[in-house]
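Asker: To start, I am sharing the structure in question, which I have written as structure tokens.
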Amino acid sequence: MTRNLQFDTAALTEQDHAHIIHPWIDLGQAKTQDLLIVAESEGAYIYDSDGHRMLDGMGGMWCVQIGYGRNEMAEAIAEQVRRMAYYSPFGKISTPPAIEFATRIAKYAPGDLKHVFFTTGGSTAVDSALRFVQFYFGFTGKPSKRHIITREYAYHGSTYLTASVSGKPADRAYLKFETETVHHLPVPNPYRRPEGMTEAEFCDKCVADLENKILELGPDNVACFIAEPLLASGGVIVPPKGYQRRTLEVCRKYGVLYISDEVVTGFGRLGEIFASEPVFDLVPDIITTAKGLTSGYVPLGAFLVSDRLYDAVTVPEAKGKYFTNGFTYSAHPVSCAAGLKNLDIIERENLCQHVRDIGPYFMKKFRELADLPLVGDVRGSHLMLCLEFVKDKKTKEPMPAEWNFGNRIINETMPRGLLARPMGHLVVLSPPLIITKAQIDEAAEALRGAINAVTDSLMRDGLWQGKAA
């Protein structure tokens, strides 16, 4: 399906190459590569500048929960702009949308996580949470507790600190990171566990990795463990069953704070506003969130902190002390108004229940692709999914990087009406939460056709000698 859009794709591409620096761009092709210019959107679909329609299998960037083109969202944003577009949130200044949104968010938070610090996105939410932990231990007389434990293949952001805490190997070329106080544990990926080890044994090992690292550093020196419930950008890695709860128990045992990074998993992606407690039996000390907070309509991030921690730093003795962290656009009233409308829609349309209902079908349809010879693993939960492609299914030998396999797949899915996210030898899907069964079927058919086409091309080029599906 196409639309007649009045855009000059060639001219836009030339101007982009001349003036825009993209995040995560292949610099060797930055001035020459073809672009996908997304020009319009509606529901679960996007249209490129040539009018070609594609199902948005990426959900923007894990975030367009309610879908595109919501007039009531546009009206809520415009109304807030007309009423009061901006004011600084610093010190004792606040705005009605920020107050109301924080109050509504807190009602969904597990345990006593009832205080909300608004930021500008996921990176600033995580950075601010880590700085709060540092401030908390300094204020409460434990300044030696400054070490942060995280995991390989984690992704927590693009500030200096959050990039240091992230652990994706491909993201670390030519850049410097904090290494003195940041420590990465092995990734808890059951698909890559040692041969002959059961998943329960692997879980024991992963939990022991955390405890051993705390003991190695000394509990009096470890501030926090930060973990995505599912490692999203690392390849939708689903830790073994019980891992999240057991790692929390280890942290409690040694007085280490637990940060649950729900920038991706929050606001419906796993069928709950916050997945930590209902999905993973986890009540952390801090939760970070962004992405689906406004369904991507405008930027916003936040971290939620427990009453216990907040109360400890807001005692009378704290008079004259400041948590010197914040941003010009923290608690932006327009963003908070968008967040309120986003939550209205999620609640009214019962989108979390829809995700719980349709999630098993989503996983089932794409797990059917595991019969293809180059599909090694299909993993995920609810509306988060990753296909890992391998050269050999028996040995799990990874795809050679020079095959550029993920991009080969996406180059075949787009003409078939599906945009998914390539990450090396992985392809990730995280569609809008409004997706239907018919659209899931449409996406699965497009992806199967793309995989078969790429498989055939690898055989024709003499790169792979297996049997085409």
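Residue numbering restarts at 1 in every chain; chains get A, B, ... in the order shown in the structure tokens, and ligands count up from 1 in that same order.
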Show me, as a ChimeraX atom specification, the residues that have an atom within 9 Å of region 458-465 of chain A when counting only C-alpha atoms, minus same-chain residues fewer than 3 positions from it.

Answerer: /A:391,403,453-455,468

Asker: Please produce a file of those selected residues containing N, CA and C atoms, as a PDB file, in the first residue's frame.

Answerer:
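Final output, again38.pdb:
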```pdb
ATOM      1  N   LYS A 391      25.328 -19.149  11.928  1.00  0.00           N
ATOM      2  CA  LYS A 391      25.840 -19.836  10.743  1.00  0.00           C
ATOM      3  C   LYS A 391      25.582 -21.328  10.834  1.00  0.00           C
ATOM      4  N   TRP A 403      29.105 -10.391   6.872  1.00  0.00           N
ATOM      5  CA  TRP A 403      27.885 -10.720   6.155  1.00  0.00           C
ATOM      6  C   TRP A 403      26.829  -9.621   6.299  1.00  0.00           C
ATOM      7  N   ALA A 453      14.775 -15.218   1.384  1.00  0.00           N
ATOM      8  CA  ALA A 453      15.457 -14.524   0.282  1.00  0.00           C
ATOM      9  C   ALA A 453      16.938 -14.329   0.597  1.00  0.00           C
ATOM     10  N   VAL A 454      17.253 -13.953   1.830  1.00  0.00           N
ATOM     11  CA  VAL A 454      18.646 -13.748   2.215  1.00  0.00           C
ATOM     12  C   VAL A 454      19.399 -15.078   2.238  1.00  0.00           C
ATOM     13  N   THR A 455      18.750 -16.117   2.720  1.00  0.00           N
ATOM     14  CA  THR A 455      19.371 -17.439   2.728  1.00  0.00           C
ATOM     15  C   THR A 455      19.749 -17.868   1.312  1.00  0.00           C
ATOM     16  N   ALA A 468      18.740 -24.439   1.647  1.00  0.00           N
ATOM     17  CA  ALA A 468      17.786 -23.324   1.752  1.00  0.00           C
ATOM     18  C   ALA A 468      16.428 -23.843   2.175  1.00  0.00           C
TER      19      ALA A 468
END
```

Asker: With only C-alpha atoms as the counted atoms, please give the residues lying no more than 12 Å from Thr395 (chain A), apart from itself and same-chain residues fewer than 5 positions off, as a ChimeraX atom specification.

Answerer: /A:191-192,194-195,374,376,390

Asker: Which distance in Å separates CA of Tyr153 (chain A) and CA of Val236 (chain A), to one decimal?

Answerer: 9.9 Å

Asker: Here is a test: counting only C-alpha atoms, which residue of A:Val378, A:Ile358, A:Ala98, A:Cys336 is nearest to Ile237 (chain A)?

Answerer: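 Closest candidate: A:Val378.
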
Asker: Might you pull out every residue within 6 Å of Ser123 (chain A), with only C-alpha atoms counted and same-chain residues fewer than 3 positions away left off, and present them as a PyMOL selection string?

Answerer: chain A and resi 126+157-158

Asker: For the selection you just gave me, I'd like the residues written to a file as a PDB file, in the first residue's frame, keeping C-alpha atoms.

Answerer:
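Saved file again03.pdb follows:
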```
ATOM      1  CA  VAL A 126      19.548   6.453  34.583  1.00  0.00           C
ATOM      2  CA  GLY A 157      22.244   5.222  28.006  1.00  0.00           C
ATOM      3  CA  SER A 158      24.581   7.608  26.212  1.00  0.00           C
TER       4      SER A 158
END
```

Asker: Counting only C-alpha atoms, which of A:Gly196, A:Gly43, A:Pro23, A:Pro97 gets nearest to Gly59 (chain A)?

Answerer: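 Nearest candidate to Gly59 (chain A) out of A:Gly196, A:Gly43, A:Pro23, A:Pro97: A:Gly43.
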
Asker: Taking 2 positions as the minimum chain separation for residues in the same chain, which residues sit within 7 Å of region 259-261 of chain A when counting only C-alpha atoms? Answer as a VMD selection string.

Answerer: chain A and resid 225 to 229 257 263 284 to 289

Asker: Between A:Glu249, A:Val116, A:Arg408, A:Arg3, single out the one closest to Ala129 (chain A), counting only C-alpha atoms.

Answerer: A:Val116

Asker: Between CA of His332 (chain A) and CA of Tyr86 (chain A), measure the distance and give it in Å to one decimal.

Answerer: 6.4 Å

Asker: Take CA of Leu230 (chain A) and CA of Gly380 (chain A) and report the distance between them in Å, one decimal.

Answerer: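 We find that CA of Leu230 (chain A) and CA of Gly380 (chain A) lie 8.2 Å from each other.
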
Asker: What's around Thr294 (chain A) at 10 Å? Count only C-alpha atoms, leave out sequence neighbours fewer than 5 positions away in its own chain, and write the answer as a ChimeraX atom specification.

Answerer: /A:63-66,73,267,299-301,335-343

Asker: List the neighbours of His382 (chain A) out to 9 Å using only C-alpha atoms; skip same-chain residues closer than 6 positions along the sequence, and give me the result as a PDB file with C-alpha atoms, in the first residue's frame.

Answerer:
```pdb
ATOM      1  CA  ARG A 269       5.737  -3.343  26.812  1.00  0.00           C
ATOM      2  CA  LEU A 270       5.475  -6.398  29.098  1.00  0.00           C
ATOM      3  CA  GLY A 271       1.792  -5.960  29.872  1.00  0.00           C
ATOM      4  CA  VAL A 355      -0.502  -6.973  25.534  1.00  0.00           C
ATOM      5  CA  ARG A 356      -1.031  -9.806  28.023  1.00  0.00           C
ATOM      6  CA  ASP A 357      -3.651 -11.303  25.699  1.00  0.00           C
ATOM      7  CA  ILE A 358      -1.850 -10.910  22.366  1.00  0.00           C
ATOM      8  CA  GLY A 359       1.707 -11.397  23.603  1.00  0.00           C
ATOM      9  CA  PRO A 360       1.582 -15.224  23.522  1.00  0.00           C
ATOM     10  CA  TYR A 361       0.322 -15.128  19.923  1.00  0.00           C
ATOM     11  CA  PHE A 362       3.087 -12.698  18.962  1.00  0.00           C
ATOM     12  CA  MET A 363       5.735 -14.984  20.436  1.00  0.00           C
TER      13      MET A 363
END
```

Asker: Of the candidates A:Val207, A:Ile148, A:Leu185, A:Ile345, which one gets nearest to Gln134 (chain A) if we count only C-alpha atoms?

Answerer: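 Among A:Val207, A:Ile148, A:Leu185, A:Ile345, it is A:Ile148 that comes nearest to Gln134 (chain A).
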